[in-house]
Structures are given as C-alpha cells and as structure tokens.
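Asks: File follows, my_file-v5.tsv with TSV, C-alpha atoms and all ligand atoms:
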```tsv
chain	number	residue	atom	x	y	z
A	765	MET	CA	-11.82	1.15	-25.72
A	766	LYS	CA	-11.17	-2.48	-26.34
A	767	THR	CA	-12.89	-5.59	-25.25
A	768	THR	CA	-11.25	-8.81	-24.35
A	769	THR	CA	-12.30	-11.64	-22.15
A	770	PHE	CA	-11.06	-11.89	-18.63
A	771	SER	CA	-11.16	-15.39	-17.26
A	772	CYS	CA	-12.49	-15.79	-13.76
A	773	LEU	CA	-10.15	-18.28	-12.22
A	774	ILE	CA	-10.71	-17.24	-8.68
A	775	LEU	CA	-13.80	-16.71	-6.62
A	776	GLY	CA	-14.81	-13.09	-6.81
A	777	ALA	CA	-12.01	-12.10	-9.11
A	778	CYS	CA	-14.39	-10.80	-11.73
A	779	ALA	CA	-16.66	-8.79	-9.50
A	780	LEU	CA	-15.11	-5.61	-10.84
A	781	ALA	CA	-14.93	-6.45	-14.47
A	782	CYS	CA	-15.33	-3.40	-16.70
A	783	ASP	CA	-14.28	-1.59	-19.83
A	784	VAL	CA	-12.27	1.42	-18.90
A	785	PRO	CA	-10.61	4.18	-20.87
A	786	ASP	CA	-7.23	3.39	-22.30
A	787	THR	CA	-5.06	5.17	-19.80
A	788	SER	CA	-1.51	4.22	-19.01
A	789	ASP	CA	0.54	4.17	-15.84
A	790	ARG	CA	-2.36	3.48	-13.55
A	791	ASN	CA	0.05	1.62	-11.40
A	792	GLU	CA	3.76	1.42	-11.53
A	793	GLY	CA	4.68	0.24	-8.09
A	794	HIS	CA	4.86	-3.47	-8.47
A	795	ASP	CA	6.20	-6.25	-10.49
A	796	LEU	CA	3.29	-8.39	-11.36
A	797	VAL	CA	3.60	-9.86	-14.78
A	798	VAL	CA	0.40	-8.71	-16.39
A	799	ALA	CA	-0.27	-7.26	-19.77
A	800	ASP	CA	-1.48	-3.67	-19.54
A	801	ASP	CA	-3.90	-4.25	-22.36
A	802	ASP	CA	-5.63	-6.91	-20.38
A	803	ALA	CA	-6.00	-4.68	-17.37
A	804	ARG	CA	-8.65	-2.53	-18.85
A	805	ASP	CA	-11.28	-4.66	-20.31
A	806	LEU	CA	-13.19	-5.52	-17.50
A	807	CYS	CA	-16.91	-3.87	-17.22
A	808	GLU	CA	-20.14	-4.71	-18.71
A	809	MET	CA	-20.71	-2.51	-21.74
A	810	ASP	CA	-22.24	0.82	-20.69
A	811	ASP	CA	-21.91	0.09	-17.00
A	812	ASP	CA	-21.53	3.71	-15.97
A	813	THR	CA	-21.13	3.03	-12.28
A	814	CYS	CA	-18.28	0.67	-12.90
A	815	ILE	CA	-16.61	3.09	-15.28
A	816	ASP	CA	-17.06	5.96	-12.85
A	817	ASP	CA	-15.43	3.94	-10.11
A	818	PHE	CA	-12.47	3.31	-12.29
A	819	ALA	CA	-12.22	6.96	-13.27
A	820	ALA	CA	-12.37	8.02	-9.63
A	821	GLU	CA	-9.59	5.66	-8.78
A	822	ALA	CA	-7.46	6.73	-11.72
A	823	GLY	CA	-7.93	10.35	-10.65
A	824	LEU	CA	-6.31	9.58	-7.35
A	825	GLN	CA	-3.12	8.42	-8.93
A	826	HIS	CA	-1.22	11.27	-7.37
A	827	GLY	CA	-2.94	11.46	-4.04
A	828	ARG	CA	-1.66	10.61	-0.67
A	829	CYS	CA	-0.07	7.33	-1.70
A	830	GLY	CA	1.18	5.91	-4.97
A	831	VAL	CA	-0.16	2.40	-4.60
A	832	HIS	CA	-2.98	1.96	-7.10
A	833	PRO	CA	-3.18	-1.53	-8.51
A	834	SER	CA	-5.65	-2.04	-11.32
A	835	GLU	CA	-8.44	-4.50	-10.79
A	836	PHE	CA	-6.61	-6.90	-13.03
A	837	GLU	CA	-3.48	-6.64	-10.89
A	838	VAL	CA	-5.57	-7.14	-7.78
A	839	ALA	CA	-7.09	-10.25	-9.32
A	840	ALA	CA	-3.64	-11.58	-10.16
A	841	MET	CA	-2.35	-10.91	-6.65
A	842	GLU	CA	-5.39	-12.53	-5.08
A	843	ALA	CA	-4.99	-15.58	-7.29
A	844	ASP	CA	-1.37	-15.93	-6.23
A	845	PHE	CA	-2.28	-15.41	-2.58
A	846	LEU	CA	-5.08	-17.97	-2.55
A	847	HIS	CA	-2.93	-20.48	-4.38
A	848	ARG	CA	-0.01	-20.14	-1.97
A	849	PHE	CA	-2.18	-19.78	1.11
A	850	ALA	CA	-3.86	-23.08	0.27
A	851	ALA	CA	-0.43	-24.67	0.10
A	852	GLY	CA	0.25	-23.73	3.71
A	853	PRO	CA	2.35	-21.19	5.55
A	854	SER	CA	5.89	-20.54	4.36
A	855	GLN	CA	6.98	-19.26	7.73
A	856	GLN	CA	6.44	-19.65	11.42
A	857	ALA	CA	3.09	-20.76	12.69
A	858	GLU	CA	0.71	-18.04	13.77
A	859	GLY	CA	1.59	-16.70	17.17
A	860	ALA	CA	5.27	-17.61	16.94
A	861	ARG	CA	6.31	-14.70	14.78
A	862	ALA	CA	9.03	-12.48	16.18
A	863	ALA	CA	8.92	-8.74	15.86
A	864	VAL	CA	9.29	-7.58	12.28
A	865	PRO	CA	12.87	-6.31	11.89
A	866	VAL	CA	12.96	-2.78	10.50
A	867	TRP	CA	15.78	-1.10	8.64
A	868	VAL	CA	15.42	2.62	8.05
A	869	HIS	CA	17.44	4.09	5.20
A	870	VAL	CA	17.53	7.87	5.53
A	871	ILE	CA	18.38	9.42	2.18
A	872	ARG	CA	19.45	13.05	2.24
A	873	SER	CA	20.53	15.59	-0.34
A	874	ASN	CA	24.17	15.86	-1.35
A	875	THR	CA	24.59	18.53	1.30
A	876	GLY	CA	22.90	16.48	3.99
A	877	ALA	CA	19.54	18.27	3.94
A	878	GLY	CA	16.38	16.33	4.68
A	879	ASP	CA	17.54	14.27	7.63
A	880	VAL	CA	15.19	12.22	9.78
A	881	THR	CA	16.54	12.11	13.31
A	882	ASP	CA	17.07	8.99	15.40
A	883	ASN	CA	14.43	10.33	17.75
A	884	GLN	CA	11.88	10.62	14.92
A	885	ILE	CA	12.70	7.10	13.78
A	886	GLN	CA	12.17	5.78	17.29
A	887	GLN	CA	8.83	7.58	17.45
A	888	GLN	CA	7.84	6.00	14.12
A	889	ILE	CA	8.71	2.52	15.42
A	890	THR	CA	6.75	3.19	18.60
A	891	LEU	CA	3.79	4.27	16.47
A	892	LEU	CA	3.99	1.11	14.35
A	893	ASN	CA	3.90	-0.93	17.54
A	894	SER	CA	0.93	0.92	18.99
A	895	THR	CA	-1.08	0.82	15.75
A	896	TYR	CA	-0.29	-2.79	14.77
A	897	GLY	CA	-0.20	-4.17	18.31
A	898	PRO	CA	-3.96	-4.79	18.46
A	899	ALA	CA	-3.65	-6.74	15.19
A	900	GLY	CA	-0.96	-8.94	16.73
A	901	PHE	CA	2.19	-7.53	15.15
A	902	SER	CA	5.26	-5.86	16.56
A	903	PHE	CA	8.30	-4.17	15.07
A	904	ALA	CA	11.91	-3.82	16.22
A	905	LEU	CA	14.45	-1.41	14.80
A	906	ALA	CA	17.29	-3.42	13.29
A	907	GLY	CA	19.35	-0.50	12.06
A	908	VAL	CA	19.54	2.95	10.52
A	909	ASP	CA	21.83	4.17	7.77
A	910	ARG	CA	22.16	7.59	6.19
A	911	THR	CA	23.14	8.31	2.62
A	912	ASN	CA	23.71	11.66	0.91
A	913	ASN	CA	22.55	11.44	-2.71
A	914	SER	CA	20.40	14.18	-4.21
A	915	THR	CA	19.15	11.97	-7.04
A	916	TRP	CA	17.95	9.26	-4.71
A	917	TYR	CA	16.66	11.86	-2.27
A	918	SER	CA	14.10	13.13	-4.78
A	919	MET	CA	13.22	9.72	-6.22
A	920	GLY	CA	9.91	9.27	-7.97
A	921	GLN	CA	7.84	6.11	-7.87
A	922	GLY	CA	9.17	3.59	-10.33
A	923	SER	CA	12.21	5.71	-11.18
A	924	SER	CA	15.70	4.42	-11.83
A	925	ALA	CA	16.74	6.38	-8.75
A	926	GLU	CA	14.41	4.25	-6.67
A	927	THR	CA	15.84	1.06	-8.12
A	928	GLN	CA	19.42	2.22	-7.58
A	929	ALA	CA	18.79	3.28	-4.00
A	930	LYS	CA	17.07	0.02	-3.11
A	931	ASN	CA	19.71	-2.10	-4.80
A	932	ALA	CA	22.39	-0.32	-2.83
A	933	LEU	CA	20.70	-0.10	0.54
A	934	ARG	CA	18.21	-2.92	1.13
A	935	LYS	CA	18.96	-5.15	4.10
A	936	GLY	CA	17.66	-8.54	5.24
A	937	GLY	CA	15.35	-11.04	3.59
A	938	LYS	CA	11.65	-11.22	2.92
A	939	GLU	CA	10.86	-10.84	6.62
A	940	THR	CA	12.65	-7.52	6.95
A	941	LEU	CA	10.81	-4.23	6.53
A	942	ASN	CA	12.95	-1.70	4.71
A	943	ILE	CA	11.83	1.93	4.95
A	944	TYR	CA	13.39	4.56	2.69
A	945	THR	CA	12.97	8.26	3.37
A	946	GLY	CA	13.44	11.22	1.07
A	947	ASN	CA	11.80	14.29	-0.39
A	948	LEU	CA	9.81	12.28	-2.89
A	949	GLY	CA	8.86	13.23	-6.41
A	950	GLY	CA	5.30	13.45	-7.68
A	951	GLY	CA	3.92	15.09	-4.57
A	952	LEU	CA	3.49	11.71	-2.94
A	953	LEU	CA	3.66	10.95	0.75
A	954	GLY	CA	4.74	7.41	0.07
A	955	TRP	CA	4.35	4.10	-1.71
A	956	ALA	CA	5.05	0.45	-1.05
A	957	THR	CA	5.36	-2.98	-2.59
A	958	PHE	CA	2.95	-5.81	-1.89
A	959	PRO	CA	4.06	-9.13	-0.39
A	960	SER	CA	3.45	-11.06	-3.59
A	961	SER	CA	6.07	-9.06	-5.48
A	962	TYR	CA	8.93	-10.11	-3.21
A	963	ASN	CA	9.67	-13.36	-5.02
A	964	SER	CA	10.17	-11.73	-8.41
A	965	SER	CA	11.84	-8.53	-7.17
A	966	PRO	CA	13.33	-9.01	-3.71
A	967	LYS	CA	15.56	-5.93	-3.83
A	968	TYR	CA	12.58	-3.74	-4.69
A	969	ASP	CA	10.61	-4.85	-1.65
A	970	GLY	CA	9.87	-2.19	0.93
A	971	VAL	CA	8.20	1.11	1.63
A	972	VAL	CA	9.18	4.64	0.66
A	973	VAL	CA	8.02	7.46	2.88
A	974	LEU	CA	8.26	11.25	2.71
A	975	ASN	CA	10.80	12.39	5.31
A	976	ALA	CA	8.52	15.18	6.54
A	977	SER	CA	5.73	12.69	7.29
A	978	PHE	CA	7.65	11.15	10.17
A	979	PRO	CA	6.45	12.13	13.64
A	980	GLY	CA	7.54	15.71	14.22
A	981	GLY	CA	8.00	16.44	10.52
A	982	ASN	CA	6.44	19.43	8.80
A	983	ALA	CA	4.03	17.77	6.34
A	984	VAL	CA	0.94	19.01	8.19
A	985	PRO	CA	-1.64	17.40	8.41
A	986	TYR	CA	0.35	14.30	7.53
A	987	ASN	CA	3.13	14.61	10.08
A	988	LEU	CA	2.12	12.25	12.86
A	989	GLY	CA	3.64	9.18	11.24
A	990	MET	CA	0.48	7.67	9.78
A	991	THR	CA	1.99	7.58	6.29
A	992	GLY	CA	4.48	5.04	7.60
A	993	VAL	CA	1.65	3.06	9.19
A	994	HIS	CA	-0.37	3.20	5.95
A	995	GLU	CA	2.49	2.14	3.68
A	996	VAL	CA	3.43	-0.74	5.96
A	997	GLY	CA	-0.20	-1.84	5.61
A	998	HIS	CA	0.39	-2.29	1.87
A	999	TRP	CA	3.67	-4.08	2.59
A	1000	MET	CA	1.64	-6.49	4.71
A	1001	GLY	CA	-0.93	-7.05	1.98
A	1002	LEU	CA	-3.70	-4.50	2.52
A	1003	TYR	CA	-5.33	-2.43	-0.20
A	1004	HIS	CA	-6.88	0.99	0.22
A	1005	THR	CA	-10.33	0.92	1.78
A	1006	PHE	CA	-11.58	2.53	-1.46
A	1007	GLN	CA	-10.00	-0.10	-3.70
A	1008	GLY	CA	-12.57	-1.10	-6.27
A	1009	GLY	CA	-14.95	1.70	-5.28
A	1010	CYS	CA	-18.46	0.50	-4.39
A	1011	SER	CA	-17.99	-2.89	-5.97
A	1012	LYS	CA	-18.78	-6.01	-4.03
A	1013	GLN	CA	-15.19	-7.17	-3.83
A	1014	GLY	CA	-13.75	-3.82	-2.78
A	1015	ASP	CA	-10.59	-4.17	-0.72
A	1016	LEU	CA	-11.01	-7.92	-0.20
A	1017	VAL	CA	-11.80	-7.31	3.47
A	1018	SER	CA	-15.39	-7.96	4.49
A	1019	ASP	CA	-15.62	-5.72	7.56
A	1020	THR	CA	-14.43	-2.50	5.92
A	1021	PRO	CA	-17.52	-0.89	4.34
A	1022	PRO	CA	-17.03	-0.09	0.66
A	1023	GLU	CA	-16.05	3.47	-0.20
A	1024	LYS	CA	-16.37	5.04	-3.63
A	1025	SER	CA	-13.21	7.11	-3.48
A	1026	ALA	CA	-10.52	8.25	-1.09
A	1027	ALA	CA	-11.59	10.46	1.81
A	1028	PHE	CA	-9.56	13.53	2.75
A	1029	GLY	CA	-9.58	15.62	5.90
A	1030	CYS	CA	-11.82	13.86	8.40
A	1031	PRO	CA	-15.34	13.82	6.92
A	1032	GLU	CA	-17.34	12.26	9.74
A	1033	GLY	CA	-20.38	10.33	8.51
A	1034	ARG	CA	-19.25	10.25	4.87
A	1035	ASN	CA	-21.22	7.58	3.07
A	1036	THR	CA	-20.43	7.19	-0.63
A	1037	CYS	CA	-21.64	3.66	-1.34
A	1038	PRO	CA	-25.13	2.18	-0.99
A	1039	ALA	CA	-23.83	-0.87	0.86
A	1040	ALA	CA	-24.33	-0.90	4.62
A	1041	GLY	CA	-22.00	1.14	6.78
A	1042	VAL	CA	-20.49	4.61	6.59
A	1043	ASP	CA	-17.14	5.03	4.86
A	1044	PRO	CA	-14.19	3.78	6.93
A	1045	ILE	CA	-12.58	7.22	7.18
A	1046	HIS	CA	-10.75	6.41	10.40
A	1047	ASN	CA	-9.03	3.41	8.87
A	1048	PHE	CA	-5.28	3.57	8.36
A	1049	MET	CA	-5.78	2.50	4.75
A	1050	ASP	CA	-7.85	5.53	3.75
A	1051	TYR	CA	-6.39	8.96	2.80
A	1052	THR	CA	-7.62	11.08	5.69
A	1053	ASP	CA	-5.50	13.33	7.90
A	1054	ASP	CA	-3.11	11.61	10.27
A	1055	ALA	CA	-5.12	12.76	13.29
A	1056	CYS	CA	-8.26	11.16	11.81
A	1057	MET	CA	-6.80	7.67	11.47
A	1058	ASN	CA	-7.10	5.21	14.33
A	1059	ASN	CA	-7.82	1.65	13.32
A	1060	PHE	CA	-7.38	-1.54	11.37
A	1061	THR	CA	-10.38	-3.86	11.40
A	1062	ALA	CA	-10.36	-7.48	12.54
A	1063	GLY	CA	-10.70	-8.48	8.91
A	1064	GLN	CA	-7.63	-6.49	7.94
A	1065	ALA	CA	-5.68	-8.08	10.79
A	1066	GLU	CA	-6.72	-11.51	9.58
A	1067	ARG	CA	-5.70	-10.66	6.03
A	1068	MET	CA	-2.30	-9.39	7.18
A	1069	HIS	CA	-1.66	-12.57	9.16
A	1070	GLY	CA	-2.54	-14.62	6.10
A	1071	MET	CA	-0.23	-12.54	3.93
A	1072	MET	CA	2.64	-12.58	6.39
A	1073	THR	CA	2.55	-16.31	6.97
A	1074	THR	CA	2.27	-16.93	3.24
A	1075	TYR	CA	4.93	-14.56	1.95
A	1076	ARG	CA	7.10	-13.39	4.80
B	1	CA	CA	-14.36	-4.02	2.35
B	2	CA	CA	-22.33	2.84	2.82
B	3	ZN	ZN	-1.70	3.62	0.02
```
Write the structure described by the file as structure tokens, please.
Ligand SMILES: [Ca+2]
Ligand SMILES: [Ca+2]
Ligand SMILES: [Zn+2]

Replies:
Amino acid sequence: MKTTTFSCLILGACALACDVPDTSDRNEGHDLVVADDDARDLCEMDDDTCIDDFAAEAGLQHGRCGVHPSEFEVAAMEADFLHRFAAGPSQQAEGARAAVPVWVHVIRSNTGAGDVTDNQIQQQITLLNSTYGPAGFSFALAGVDRTNNSTWYSMGQGSSAETQAKNALRKGGKETLNIYTGNLGGGLLGWATFPSSYNSSPKYDGVVVLNASFPGGNAVPYNLGMTGVHEVGHWMGLYHTFQGGCSKQGDLVSDTPPEKSAAFGCPEGRNTCPAAGVDPIHNFMDYTDDACMNNFTAGQAERMHGMMTTYR
C-alpha cells in the first residue's frame, strides 16, 4: 500500500479519500487520463470503513454492469464537468433538445446467431422513452444495422474486439446514442462510456448491452430491457447508486440515499448505510432485477440535464 497526496481541487472531491489495496483493472471502461498509482491512495490511515467500501466496490467488478470508476476517476470526471458546466452549455438550451437519436448495432456470430429483432429494438426504444420521459428526455430510433462477426459478438469490456467493432460501426456525433449488442464476455450484462470521455475518444462512445437483456430476451431476471436503461444512464452521466459506498459524496446525487454495495434481487427495506433513507433499490442505477427497477430521482434528472447540455 502506498501513500501519496491527492489534491482537492474541487468541492467534495476528497470526501472518499483512502488507501486501498494495490489492485489493478478496477475500471477499464473509459479514457480518462489518470495514473493508476494515484487512484489508490486516498483514505485516512486505518480507516476500515473506507477500505471496506472500496473492497466491496472492487468485488463487484464483474457484476451486472462493467462501469466501475475509481474514486480518483470520479473526482477527475467531476472536475471536468464542473469546469465545463461553469463555462456554459455546449448545446441547445434546456427544453429545446430534440429526441436523442439512437443507432442500434446488432452484432451476431459468424453464422448469424444472437440476433435482436426489430420488434425487440422497438420495445427497447419504447422503454427508454417511458423510463426517461419523466426526466425530460426522449429517444428516436435513427437506424439499425446487423453485422456477423464472432469475435466482435463475444467482445469483452476494453477488448480490441470492442474497439474494432466501434470503429467500424459507430454513427453520428456526440449527440447520438450508439447501442451495440452481443453475447458479451466476462458475464456482464453491459457497460457504457461517460459523457466526459467523448472528447478524447469519440469512436469509443456508446453503450454495449447483452443481446438477451433486450425486452423478450432470455436473460431472466434481466430480460425486460432495464440493462439498456441502466447503461444509457451512465452514458448520460450517472453513476451507480452505490458509487462510493456510504461516503458523503456517494453518487454525486443528493436525493439518492447512500448504499454500501450493489443490491440484487429486490430486497425491500434494505438499509446498508447509516445516513437517512433506505437503499434506493428501485433505482435504475442499482443492480436489482429488471422488475424491481422503476425510477430515476429528480436529482438524477437534473444531473443528466447538466451532463447532456455540457457534453452532448
Ligand atoms: Ca446519493
Ligand atoms: Ca440508510
Ligand atoms: Zn452500471
């Protein structure tokens, strides 16, 4: 375990500072330029709670979703966001935004196995509209393409297959949501890039979703399309509700009660942090079953609007 100093440039950025074990690959999904060595040195010496939170988060590396930024990466993203947000919106004023254009890239095996039907895709778009509508967002299908490539079909997060597929298939600019489907490696249901990584890696921008998680797929209990909803949440700038564990900063959204670790199933009344409020197990940004998820909070909606006007 090493100790270095992490400078607090941004309000709240150091709330999670701790020393954590020297593990690698905590997060491979984005393109922030941060030194791995700096990512770990963040807790008060012997702060067991802090260290436990980190361990819990690291243990979820291969859970429902592959998006697990370290606290250092979160701090870097928040710094970039606050800096750009202060400079004013890059895009349309709030309220004037058109529906988010959506390209769906269905990747199948060499023999064409693993298709996602047009009907399933339409159901996924409908679900995005019903789940994000209350937050003030809408989505419109811009196009669908289908590619047979067994290597891409079984892509893992951060793999060269992922890079190749995205370089070949991505459509549109920063405003366009690109969804890639396949039978993903690592047992993951999906992963996504954050808005702040678009500038440095535009071709990499987008979400990757397990084909069987689309509405009507066979990934029970994750086959109602909520993986798509969840991953798009990351694409629009949201963290998991359990980001940062019980720490004060948490997921950078004030009206989602802190949660020590991901919730699975639908554990009604779960309460893992001393702070007020039961765990937000019905939130789209937790890990619960699709049928258990039903909301974004007002704070999450506000954060997404800030992210979208700043980056997209
Ligand atoms: Ca919160
Ligand atoms: Ca609580
Ligand atoms: Zn996630």

Asks: Kindly compile the residues surrounding ligand CA 2 (chain B) within 9 Å, counting all atoms listed in the file, and format them as a list in words.

Replies: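 Protein and nucleic-acid residues within 9 Å of ligand CA 2 (chain B): Cys1010, Pro1021, Pro1022, Glu1023, Arg1034, Asn1035, Thr1036, Cys1037, Pro1038, Ala1039, Ala1040, Gly1041, Val1042 and Asp1043 of chain A.
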
Asks: So that I can see what lies close to A:Tyr1075, please list as a PyMOL selection string the residues with an atom at most 9 Å from it, counting only C-alpha atoms and leaving out residues fewer than 5 positions away in the same chain.

Replies: chain A and resi 845+848-849+853-855+938-939+959-960+962-963+1070

Asks: Between atom ZN of ligand ZN 3 (chain B) and atom CA of A:Gly997, what is the spacing in Å?

Replies: 8.0 Å

Asks: May I ask for the distance between atom CA of A:Ser923 and atom CA of A:Val972, given in Å to one decimal place?

Replies: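 Computing it gives 12.3 Å between the two atoms.
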
Asks: Could you produce a table of the residues of chain A lying within 6 Å of ligand ZN 3 (chain B), with the nearest pair of atoms per residue and their separation in Å rounded to one decimal, using all atoms listed in the file, ordered by chain and increasing residue number, as a Markdown table?

Replies:
```
| residue | atom | partner | partner_atom | distance |
| --- | --- | --- | --- | --- |
| A:Cys829 | CA | B:ZN3 | ZN | 4.4 |
| A:Val831 | CA | B:ZN3 | ZN | 5.0 |
| A:Glu995 | CA | B:ZN3 | ZN | 5.8 |
| A:His1004 | CA | B:ZN3 | ZN | 5.8 |
```

Asks: Hey, can you check how far atom CA of A:Val866 sits from atom CA of A:Asn942?

Replies: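 These two atoms are separated by 5.9 Å.
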
Asks: Taking all atoms listed in the file into account, name the residue in A:Gln1007, A:Leu891, A:Leu1002, A:Gln1064 that is nearest to A:Ser834.

Replies: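 Result for the nearest residue to A:Ser834: A:Gln1007.
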
Asks: Counting only C-alpha atoms and all ligand atoms, what are the residues of chain A within 9 Å of ligand CA 1 (chain B), and for each of them which pair of atoms is the nearest and at what distance in Å, to one decimal? Sort the table by chain and rising number, as a Markdown table.

Replies:
```
| residue | atom | partner | partner_atom | distance |
| --- | --- | --- | --- | --- |
| A:Thr1005 | CA | B:CA1 | CA | 6.4 |
| A:Phe1006 | CA | B:CA1 | CA | 8.1 |
| A:Gln1007 | CA | B:CA1 | CA | 8.4 |
| A:Lys1012 | CA | B:CA1 | CA | 8.0 |
| A:Gln1013 | CA | B:CA1 | CA | 7.0 |
| A:Gly1014 | CA | B:CA1 | CA | 5.2 |
| A:Asp1015 | CA | B:CA1 | CA | 4.9 |
| A:Leu1016 | CA | B:CA1 | CA | 5.7 |
| A:Val1017 | CA | B:CA1 | CA | 4.3 |
| A:Ser1018 | CA | B:CA1 | CA | 4.6 |
| A:Asp1019 | CA | B:CA1 | CA | 5.6 |
| A:Thr1020 | CA | B:CA1 | CA | 3.9 |
| A:Pro1021 | CA | B:CA1 | CA | 4.9 |
| A:Pro1022 | CA | B:CA1 | CA | 5.0 |
| A:Glu1023 | CA | B:CA1 | CA | 8.1 |
| A:Gly1063 | CA | B:CA1 | CA | 8.7 |
```

Asks: Of the residues A:Ala839, A:Ala1027, A:Ile1045, A:Ala976, which is the one nearest to A:Thr881, using all atoms listed in the file?

Replies: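 Closest candidate: A:Ala976.
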
Asks: Determine the nearest neighbour of A:Pro979 from the options A:Ala925, A:Gln886, A:His998, A:Val908, counting only C-alpha atoms.

Replies: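 Using only C-alpha atoms, A:Pro979 sits closest to A:Gln886.
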